[in-house]
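Below is target-v9.cif, which holds mmCIF, C-alpha atoms.
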```
data_entry
loop_
_atom_site.group_PDB
_atom_site.id
_atom_site.type_symbol
_atom_site.label_atom_id
_atom_site.label_comp_id
_atom_site.auth_asym_id
_atom_site.auth_seq_id
_atom_site.Cartn_x
_atom_site.Cartn_y
_atom_site.Cartn_z
ATOM 1 C CA MET A 3 8.224 33.488 43.259
ATOM 2 C CA GLU A 4 5.365 32.595 45.601
ATOM 3 C CA ARG A 5 2.141 31.193 44.235
ATOM 4 C CA GLN A 6 0.001 34.228 45.055
ATOM 5 C CA HIS A 7 2.162 36.303 42.701
ATOM 6 C CA MET A 8 2.116 33.742 39.857
ATOM 7 C CA LYS A 9 -0.731 33.111 37.430
ATOM 8 C CA THR A 10 -2.193 29.659 37.878
ATOM 9 C CA TYR A 11 -4.436 27.537 35.711
ATOM 10 C CA SER A 12 -7.023 24.995 36.656
ATOM 11 C CA SER A 13 -6.932 21.643 34.887
ATOM 12 C CA GLY A 14 -9.734 22.816 32.582
ATOM 13 C CA GLU A 15 -8.009 26.096 31.760
ATOM 14 C CA PHE A 16 -4.669 24.419 31.108
ATOM 15 C CA ALA A 17 -6.262 21.768 28.916
ATOM 16 C CA LYS A 18 -8.213 24.397 26.959
ATOM 17 C CA TYR A 19 -5.015 26.391 26.382
ATOM 18 C CA PHE A 20 -3.536 23.402 24.505
ATOM 19 C CA GLY A 21 -6.792 22.147 22.984
ATOM 20 C CA ILE A 22 -6.723 18.824 24.801
ATOM 21 C CA LYS A 23 -9.005 17.006 27.213
ATOM 22 C CA LYS A 24 -8.538 17.212 30.972
ATOM 23 C CA ASP A 25 -8.319 13.420 30.975
ATOM 24 C CA THR A 26 -5.013 13.729 29.119
ATOM 25 C CA LEU A 27 -3.568 15.824 31.932
ATOM 26 C CA PHE A 28 -4.877 13.373 34.526
ATOM 27 C CA TYR A 29 -3.319 10.475 32.585
ATOM 28 C CA TYR A 30 0.050 12.233 32.302
ATOM 29 C CA ASP A 31 -0.073 12.897 36.039
ATOM 30 C CA ARG A 32 -0.899 9.278 36.781
ATOM 31 C CA ILE A 33 2.046 7.932 34.771
ATOM 32 C CA ASN A 34 4.362 10.617 36.127
ATOM 33 C CA LEU A 35 5.041 12.176 32.735
ATOM 34 C CA PHE A 36 3.740 15.676 33.496
ATOM 35 C CA ARG A 37 2.488 16.612 36.931
ATOM 36 C CA PRO A 38 0.577 19.680 38.130
ATOM 37 C CA ALA A 39 2.432 22.349 40.073
ATOM 38 C CA GLY A 40 0.356 21.473 43.085
ATOM 39 C CA VAL A 41 -3.032 20.767 44.567
ATOM 40 C CA SER A 42 -5.105 23.543 46.100
ATOM 41 C CA ASP A 43 -6.779 23.390 49.501
ATOM 42 C CA ASN A 44 -10.028 22.266 47.896
ATOM 43 C CA GLY A 45 -8.263 19.301 46.272
ATOM 44 C CA TYR A 46 -8.072 20.591 42.691
ATOM 45 C CA ARG A 47 -4.892 20.414 40.606
ATOM 46 C CA TYR A 48 -3.377 23.645 39.354
ATOM 47 C CA TYR A 49 -0.679 24.514 36.826
ATOM 48 C CA THR A 50 1.601 27.526 36.498
ATOM 49 C CA THR A 51 2.844 29.722 33.652
ATOM 50 C CA PRO A 52 6.371 28.201 33.529
ATOM 51 C CA GLN A 53 4.735 24.823 32.881
ATOM 52 C CA LEU A 54 3.289 26.110 29.610
ATOM 53 C CA ASP A 55 6.689 25.897 27.946
ATOM 54 C CA THR A 56 7.380 22.416 29.305
ATOM 55 C CA PHE A 57 4.011 21.097 28.204
ATOM 56 C CA TRP A 58 4.397 22.711 24.776
ATOM 57 C CA ALA A 59 7.645 20.753 24.312
ATOM 58 C CA LEU A 60 5.950 17.556 25.417
ATOM 59 C CA GLN A 61 2.986 18.063 23.074
ATOM 60 C CA TYR A 62 5.301 18.963 20.209
ATOM 61 C CA LEU A 63 7.061 15.603 20.523
ATOM 62 C CA ARG A 64 3.749 13.777 20.917
ATOM 63 C CA GLU A 65 2.552 15.316 17.653
ATOM 64 C CA LEU A 66 5.711 13.884 16.099
ATOM 65 C CA GLN A 67 4.486 10.465 17.278
ATOM 66 C CA VAL A 68 7.247 9.987 19.844
ATOM 67 C CA PRO A 69 6.044 7.215 22.200
ATOM 68 C CA ILE A 70 5.238 8.156 25.784
ATOM 69 C CA LYS A 71 7.849 5.723 27.087
ATOM 70 C CA GLU A 72 10.515 7.577 25.093
ATOM 71 C CA LEU A 73 9.211 10.933 26.317
ATOM 72 C CA LYS A 74 9.513 9.888 29.961
ATOM 73 C CA HIS A 75 13.079 8.785 29.360
ATOM 74 C CA TYR A 76 13.979 11.930 27.421
ATOM 75 C CA PHE A 77 12.481 14.477 29.824
ATOM 76 C CA SER A 78 14.327 12.892 32.722
ATOM 77 C CA SER A 79 17.422 14.631 31.332
ATOM 78 C CA PRO A 80 16.767 16.672 28.153
ATOM 79 C CA SER A 81 19.668 17.918 26.034
ATOM 80 C CA VAL A 82 20.448 18.877 22.452
ATOM 81 C CA GLU A 83 22.419 15.654 21.916
ATOM 82 C CA ARG A 84 19.663 13.424 23.287
ATOM 83 C CA LEU A 85 17.048 15.315 21.271
ATOM 84 C CA GLY A 86 19.074 14.683 18.109
ATOM 85 C CA ASP A 87 19.259 10.964 18.887
ATOM 86 C CA LEU A 88 15.543 10.875 19.669
ATOM 87 C CA ALA A 89 14.714 12.657 16.417
ATOM 88 C CA GLN A 90 16.939 10.312 14.400
ATOM 89 C CA ASP A 91 15.268 7.230 15.860
ATOM 90 C CA GLN A 92 11.820 8.654 15.253
ATOM 91 C CA LEU A 93 12.752 9.694 11.710
ATOM 92 C CA MET A 94 13.583 6.093 10.848
ATOM 93 C CA ILE A 95 10.217 4.959 12.193
ATOM 94 C CA VAL A 96 8.384 7.661 10.243
ATOM 95 C CA GLU A 97 10.184 6.763 7.013
ATOM 96 C CA GLN A 98 9.110 3.145 7.444
ATOM 97 C CA GLU A 99 5.537 4.266 8.023
ATOM 98 C CA ILE A 100 5.683 6.443 4.903
ATOM 99 C CA LEU A 101 6.688 3.415 2.836
ATOM 100 C CA LYS A 102 3.771 1.450 4.289
ATOM 101 C CA LEU A 103 1.358 4.280 3.540
ATOM 102 C CA GLN A 104 2.697 4.641 0.001
ATOM 103 C CA ASN A 105 2.093 0.936 -0.525
ATOM 104 C CA ILE A 106 -1.435 1.276 0.841
ATOM 105 C CA GLN A 107 -1.964 4.269 -1.443
ATOM 106 C CA ARG A 108 -0.823 2.252 -4.480
ATOM 107 C CA MET A 109 -3.148 -0.620 -3.614
ATOM 108 C CA LEU A 110 -6.124 1.672 -3.046
ATOM 109 C CA ARG A 111 -5.366 3.560 -6.269
ATOM 110 C CA ARG A 112 -5.211 0.236 -8.094
ATOM 111 C CA MET A 113 -8.636 -0.721 -6.708
ATOM 112 C CA VAL A 114 -10.084 2.586 -7.879
ATOM 113 C CA ASP A 115 -8.466 2.258 -11.310
ATOM 114 C CA ILE A 116 -9.752 -1.297 -11.762
ATOM 115 C CA SER A 117 -13.268 -0.267 -10.752
ATOM 116 C CA GLU A 118 -13.238 2.609 -13.249
ATOM 117 C CA GLU A 119 -11.715 0.513 -16.018
ATOM 118 C CA ILE A 120 -14.284 -2.262 -15.677
ATOM 119 C CA LYS A 121 -17.130 0.255 -15.876
ATOM 120 C CA HIS A 122 -16.130 1.443 -19.336
ATOM 121 C CA VAL A 123 -15.203 -1.695 -21.284
ATOM 122 C CA PRO A 124 -17.247 -4.486 -22.877
ATOM 123 C CA LEU A 125 -16.754 -7.953 -21.410
ATOM 124 C CA ASN A 126 -15.911 -10.947 -23.606
ATOM 125 C CA GLU A 127 -15.408 -8.733 -26.651
ATOM 126 C CA VAL A 128 -12.140 -7.773 -28.316
ATOM 127 C CA ILE A 129 -11.213 -4.101 -28.590
ATOM 128 C CA LEU A 130 -8.114 -2.295 -29.830
ATOM 129 C CA GLN A 131 -6.165 -0.099 -27.418
ATOM 130 C CA GLU A 132 -3.046 2.035 -27.568
ATOM 131 C CA GLN A 133 -0.985 1.086 -24.532
ATOM 132 C CA ALA A 134 2.018 2.916 -23.110
ATOM 133 C CA GLU A 135 5.389 1.332 -22.485
ATOM 134 C CA GLU A 136 5.733 -0.358 -19.101
ATOM 135 C CA GLN A 137 8.743 -1.525 -17.189
ATOM 136 C CA ILE A 138 8.127 -4.933 -15.667
ATOM 137 C CA LEU A 139 9.914 -7.482 -13.538
ATOM 138 C CA LEU A 140 9.875 -10.988 -14.995
ATOM 139 C CA SER A 141 9.981 -14.301 -13.199
ATOM 140 C CA GLU A 142 12.124 -17.176 -14.370
ATOM 141 C CA GLN A 143 10.797 -19.025 -17.382
ATOM 142 C CA ASN A 144 8.502 -21.980 -16.828
ATOM 143 C CA GLU A 145 10.416 -25.137 -17.758
ATOM 144 C CA SER A 146 7.297 -27.275 -18.119
ATOM 145 C CA ASP A 147 5.794 -27.745 -21.583
ATOM 146 C CA GLY A 148 2.349 -28.692 -20.351
ATOM 147 C CA ASP A 149 -0.622 -26.608 -19.277
ATOM 148 C CA THR A 150 -0.231 -24.744 -15.989
ATOM 149 C CA SER A 151 -2.812 -25.750 -13.391
ATOM 150 C CA VAL A 152 -4.162 -23.292 -10.832
ATOM 151 C CA GLU A 153 -2.199 -25.112 -8.125
ATOM 152 C CA GLU A 154 1.010 -24.923 -10.159
ATOM 153 C CA TRP A 155 0.400 -21.225 -10.817
ATOM 154 C CA PHE A 156 0.182 -20.457 -7.102
ATOM 155 C CA THR A 157 3.354 -22.469 -6.432
ATOM 156 C CA TYR A 158 5.049 -20.455 -9.164
ATOM 157 C CA TYR A 159 3.616 -17.265 -7.620
ATOM 158 C CA ASP A 160 4.983 -18.120 -4.164
ATOM 159 C CA ARG A 161 8.480 -18.721 -5.566
ATOM 160 C CA PHE A 162 8.380 -15.449 -7.491
ATOM 161 C CA MET A 163 7.225 -13.496 -4.427
ATOM 162 C CA GLU A 164 9.951 -15.061 -2.300
ATOM 163 C CA LYS A 165 12.640 -14.270 -4.848
ATOM 164 C CA THR A 166 11.540 -10.649 -5.290
ATOM 165 C CA GLY A 167 11.224 -10.148 -1.538
ATOM 166 C CA CYS A 168 7.716 -8.730 -1.844
ATOM 167 C CA LYS A 169 6.097 -8.603 1.597
ATOM 168 C CA SER A 170 2.728 -7.108 0.661
ATOM 169 C CA PRO A 171 -0.033 -8.069 -1.771
ATOM 170 C CA THR A 172 1.245 -7.424 -5.280
ATOM 171 C CA LEU A 173 -0.608 -7.541 -8.565
ATOM 172 C CA ILE A 174 1.142 -10.254 -10.556
ATOM 173 C CA GLY A 175 0.197 -11.107 -14.113
ATOM 174 C CA SER A 176 0.956 -14.033 -16.375
ATOM 175 C CA ILE A 177 2.563 -14.200 -19.802
ATOM 176 C CA VAL A 178 1.562 -16.704 -22.470
ATOM 177 C CA ALA A 179 4.373 -16.998 -25.015
ATOM 178 C CA ARG A 180 3.667 -15.995 -28.623
ATOM 179 C CA ASP A 181 4.954 -19.349 -29.889
ATOM 180 C CA ASP A 182 2.455 -21.116 -27.621
ATOM 181 C CA LEU A 183 -0.341 -18.922 -28.942
ATOM 182 C CA LEU A 184 0.527 -19.797 -32.521
ATOM 183 C CA GLN A 185 0.579 -23.490 -31.600
ATOM 184 C CA GLY A 186 -2.745 -23.332 -29.793
ATOM 185 C CA LYS A 187 -1.208 -23.932 -26.334
ATOM 186 C CA TYR A 188 -3.293 -21.436 -24.400
ATOM 187 C CA GLY A 189 -3.082 -23.053 -20.980
ATOM 188 C CA ARG A 190 0.669 -22.806 -20.439
ATOM 189 C CA VAL A 191 1.990 -19.838 -18.432
ATOM 190 C CA ASP A 192 5.484 -18.989 -19.657
ATOM 191 C CA ARG A 193 6.382 -16.373 -17.022
ATOM 192 C CA LEU A 194 4.906 -14.181 -14.326
ATOM 193 C CA TYR A 195 5.451 -10.435 -14.169
ATOM 194 C CA ILE A 196 4.976 -7.461 -11.863
ATOM 195 C CA HIS A 197 4.002 -3.929 -12.935
ATOM 196 C CA ASP A 198 5.667 -0.677 -11.878
ATOM 197 C CA VAL A 199 8.945 -1.822 -10.387
ATOM 198 C CA SER A 200 11.277 0.546 -12.217
ATOM 199 C CA PRO A 201 14.280 0.137 -9.881
ATOM 200 C CA ALA A 202 14.260 -3.639 -10.353
ATOM 201 C CA ALA A 203 12.727 -3.916 -13.817
ATOM 202 C CA THR A 204 14.262 -6.578 -16.023
ATOM 203 C CA SER A 205 12.155 -6.128 -19.146
ATOM 204 C CA ILE A 206 9.789 -3.823 -20.983
ATOM 205 C CA LYS A 207 6.265 -4.343 -22.168
ATOM 206 C CA PRO A 208 6.485 -2.223 -25.324
ATOM 207 C CA ALA A 209 4.140 0.577 -26.238
ATOM 208 C CA GLY A 210 1.892 0.028 -29.183
ATOM 209 C CA ARG A 211 -1.439 -1.158 -30.501
ATOM 210 C CA TYR A 212 -2.911 -4.057 -28.556
ATOM 211 C CA ALA A 213 -5.882 -6.304 -29.100
ATOM 212 C CA VAL A 214 -7.527 -6.569 -25.682
ATOM 213 C CA LEU A 215 -10.107 -9.000 -24.384
ATOM 214 C CA TYR A 216 -11.717 -8.477 -20.985
ATOM 215 C CA TYR A 217 -12.646 -12.052 -20.293
ATOM 216 C CA GLN A 218 -15.183 -12.859 -17.599
ATOM 217 C CA GLY A 219 -14.826 -16.339 -16.163
ATOM 218 C CA SER A 220 -12.914 -18.528 -13.741
ATOM 219 C CA TYR A 221 -9.139 -19.040 -13.754
ATOM 220 C CA SER A 222 -9.470 -22.517 -15.195
ATOM 221 C CA SER A 223 -11.578 -21.268 -18.129
ATOM 222 C CA ILE A 224 -9.149 -18.526 -19.240
ATOM 223 C CA PRO A 225 -7.640 -20.672 -22.059
ATOM 224 C CA SER A 226 -11.071 -20.676 -23.735
ATOM 225 C CA ALA A 227 -10.730 -16.890 -24.202
ATOM 226 C CA TYR A 228 -7.827 -17.163 -26.636
ATOM 227 C CA PRO A 229 -9.771 -18.633 -29.586
ATOM 228 C CA ILE A 230 -12.128 -15.650 -29.278
ATOM 229 C CA LEU A 231 -9.172 -13.268 -29.384
ATOM 230 C CA LEU A 232 -7.336 -14.986 -32.239
ATOM 231 C CA SER A 233 -10.504 -15.379 -34.284
ATOM 232 C CA TYR A 234 -11.005 -11.615 -34.061
ATOM 233 C CA LEU A 235 -7.429 -10.981 -35.228
ATOM 234 C CA GLU A 236 -7.930 -13.265 -38.206
ATOM 235 C CA ARG A 237 -11.157 -11.502 -39.215
ATOM 236 C CA GLN A 238 -9.452 -8.115 -38.940
ATOM 237 C CA SER A 239 -6.334 -9.314 -40.804
ATOM 238 C CA LEU A 240 -4.169 -8.456 -37.785
ATOM 239 C CA THR A 241 -0.946 -10.224 -36.881
ATOM 240 C CA THR A 242 0.103 -11.221 -33.376
ATOM 241 C CA CYS A 243 3.524 -9.713 -32.688
ATOM 242 C CA SER A 244 4.020 -10.213 -28.938
ATOM 243 C CA ASP A 245 3.384 -12.548 -26.046
ATOM 244 C CA ALA A 246 -0.027 -12.323 -24.387
ATOM 245 C CA TYR A 247 -0.204 -10.477 -21.068
ATOM 246 C CA GLU A 248 -2.843 -11.598 -18.599
ATOM 247 C CA GLU A 249 -3.897 -9.167 -15.853
ATOM 248 C CA TYR A 250 -6.283 -10.476 -13.220
ATOM 249 C CA LEU A 251 -8.436 -7.408 -12.618
ATOM 250 C CA ILE A 252 -11.182 -9.127 -10.647
ATOM 251 C CA HIS A 253 -9.548 -12.178 -9.208
ATOM 252 C CA ASN A 254 -10.627 -13.147 -5.692
ATOM 253 C CA SER A 255 -13.360 -12.878 -3.066
ATOM 254 C CA LEU A 256 -12.335 -9.300 -2.359
ATOM 255 C CA TYR A 257 -13.784 -8.313 -5.723
ATOM 256 C CA ALA A 258 -16.413 -10.915 -6.577
ATOM 257 C CA ALA A 259 -18.766 -13.448 -5.007
ATOM 258 C CA SER A 260 -17.860 -16.289 -7.386
ATOM 259 C CA GLU A 261 -15.125 -17.303 -9.837
ATOM 260 C CA GLU A 262 -17.519 -16.900 -12.761
ATOM 261 C CA GLN A 263 -17.445 -13.150 -12.070
ATOM 262 C CA TYR A 264 -13.647 -12.876 -12.288
ATOM 263 C CA VAL A 265 -12.345 -10.632 -15.073
ATOM 264 C CA THR A 266 -9.000 -11.158 -16.787
ATOM 265 C CA LYS A 267 -7.590 -8.564 -19.164
ATOM 266 C CA ILE A 268 -5.677 -10.258 -21.985
ATOM 267 C CA SER A 269 -3.505 -7.999 -24.174
ATOM 268 C CA VAL A 270 -1.597 -8.913 -27.331
ATOM 269 C CA ALA A 271 0.364 -6.461 -29.472
ATOM 270 C CA VAL A 272 -0.782 -6.506 -33.088
ATOM 271 C CA LEU A 273 0.137 -5.161 -36.502
#
```
Transcribe the structure of this file into structure tokens.
Amino acid sequence: MERQHMKTYSSGEFAKYFGIKKDTLFYYDRINLFRPAGVSDNGYRYYTTPQLDTFWALQYLRELQVPIKELKHYFSSPSVERLGDLAQDQLMIVEQEILKLQNIQRMLRRMVDISEEIKHVPLNEVILQEQAEEQILLSEQNESDGDTSVEEWFTYYDRFMEKTGCKSPTLIGSIVARDDLLQGKYGRVDRLYIHDVSPAATSIKPAGRYAVLYYQGSYSSIPSAYPILLSYLERQSLTTCSDAYEEYLIHNSLYAASEEQYVTKISVAVL
């Protein structure tokens, strides 16, 4: 069919048809991905109706995040088999991106939850809470009998992260053993733990009534929070019946300007 009998589109008209900028068409022309049907006598590019279908296919794959390099290779010889292979490769990439986004979503949700939680609790006072059961992943037990320094804690943290294979920032808490609490050894971390890892969970933090202290202060001063907590239990005639779980709600420069503003949530099951 000769051009005078075929509808043609200027670059602007063709771009408007697909809701894109003319610059996109010029770029595709420059990299030889999608070229105009021709150039008119006045030097302007023009496109034809049959090209609508071709460009629709190209845009469809671009919306599926297929890289331009892959598109150039595919459209050199399109086929059902090659499209299936292309889709399979892209599906794997998308699934990896979904996992990354889910991880980002969890971290952002955690930030929101922490912000809301801190707004509604008293600091440096003991309260009673009903807490739901949680599946947790435990680290190996600390073999040292002495207090755990901040430097030792981070060494312990690095080993735990390496063993679990965690690649992204993960909220890890500490456990102070009940026997240590009863003996007044508040500075020794017995284990580390991670929340919400159901597929790999090795233990359970049981549901029940917990005495909770939101302690504001630096890492090194956390042991001084335990006499406050245990003194409250004694006054209320409550008995400690679990290890203590430390959650570092506000714990680095992302959340606070100084260590004195850090907030650690300490929970102990009681009867």
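Proximity to Tyr48 (chain A) was assessed for A:Ser141, A:Gln107, A:Ser13, A:Thr150 counting only C-alpha atoms; the smallest distance is recorded for A:Ser13.
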Point to revise | Expansion of the PyMOL selection byres ((chain A and resi 247-258) around 7) into residues, as number ranges by chain | key: A: 116, 175-178, 245-246, 259-260, 263-270
Check your understanding: By how many Å are CA of Glu261 (chain A) and CA of Arg193 (chain A) apart?
Key -> 22.7 Å
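CA of Ser79 (chain A) sits 25.6 Å away from CA of Thr10 (chain A).
CA of Glu72 (chain A) sits 17.7 Å away from CA of Leu27 (chain A).
For the residues A:Lys187, A:Arg180, A:Ala227, A:His197, ranking by smallest atom-to-atom distance to Cys243 (chain A) using all atoms listed in the file places A:Arg180 first.
Using all atoms listed in the file, the shortest contact distance between Leu235 (chain A) and any of A:Thr51, A:Leu85, A:Ser78, A:Leu215 is found at A:Leu215.
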Exercise for review: Give the answer as one residue: which of A:Gln61, A:Val41, A:Arg84, A:Leu103 has the shortest atom-to-atom distance to Ile22 (chain A), using all atoms listed in the file?
Suggested key: A:Gln61
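Nearest to Glu136 (chain A) of all the residues A:Pro229, A:Pro208, A:Gly14, A:Pro52 is A:Pro208, based on only C-alpha atoms.
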Check your understanding: In terms of the shortest atom-to-atom distance over all atoms listed in the file, which of A:Leu130, A:Phe162, A:Val123, A:Lys9 is closest to Tyr217 (chain A)?
Key -> A:Val123
Review point. Written as a ChimeraX atom specification, which residues does the PyMOL selection byres ((chain A and resi 212) around 9) give for the file shown?
Key: /A:129-133,209-211,213-214,269-273
Could region 45-56 of chain A be completed with N, CA and C atoms and returned as a compact mmCIF listing (two decimals), in the coordinates of the input?
```
# COMPACT_ATOMS: atom_id res chain seq x y z
N GLY A 45 -8.56 20.58 46.90
CA GLY A 45 -8.26 19.30 46.27
C GLY A 45 -8.12 19.32 44.77
N TYR A 46 -8.18 20.51 44.15
CA TYR A 46 -8.07 20.59 42.69
C TYR A 46 -6.62 20.84 42.27
N ARG A 47 -6.23 20.19 41.16
CA ARG A 47 -4.89 20.41 40.61
C ARG A 47 -4.79 21.82 40.02
N TYR A 48 -3.60 22.38 40.05
CA TYR A 48 -3.38 23.64 39.35
C TYR A 48 -2.00 23.62 38.68
N TYR A 49 -1.89 24.42 37.63
CA TYR A 49 -0.68 24.51 36.83
C TYR A 49 -0.24 25.96 36.78
N THR A 50 1.05 26.17 36.50
CA THR A 50 1.60 27.53 36.50
C THR A 50 2.13 27.91 35.12
N THR A 51 2.38 29.21 34.95
CA THR A 51 2.84 29.72 33.65
C THR A 51 4.14 29.06 33.17
N PRO A 52 5.16 28.86 34.02
CA PRO A 52 6.37 28.20 33.53
C PRO A 52 6.11 26.82 32.95
N GLN A 53 5.04 26.17 33.38
CA GLN A 53 4.74 24.82 32.88
C GLN A 53 4.21 24.84 31.45
N LEU A 54 3.77 26.02 30.99
CA LEU A 54 3.29 26.11 29.61
C LEU A 54 4.38 25.70 28.63
N ASP A 55 5.58 26.20 28.85
CA ASP A 55 6.69 25.90 27.95
C ASP A 55 7.04 24.41 27.99
N THR A 56 7.06 23.84 29.18
CA THR A 56 7.38 22.42 29.30
C THR A 56 6.34 21.56 28.61
```
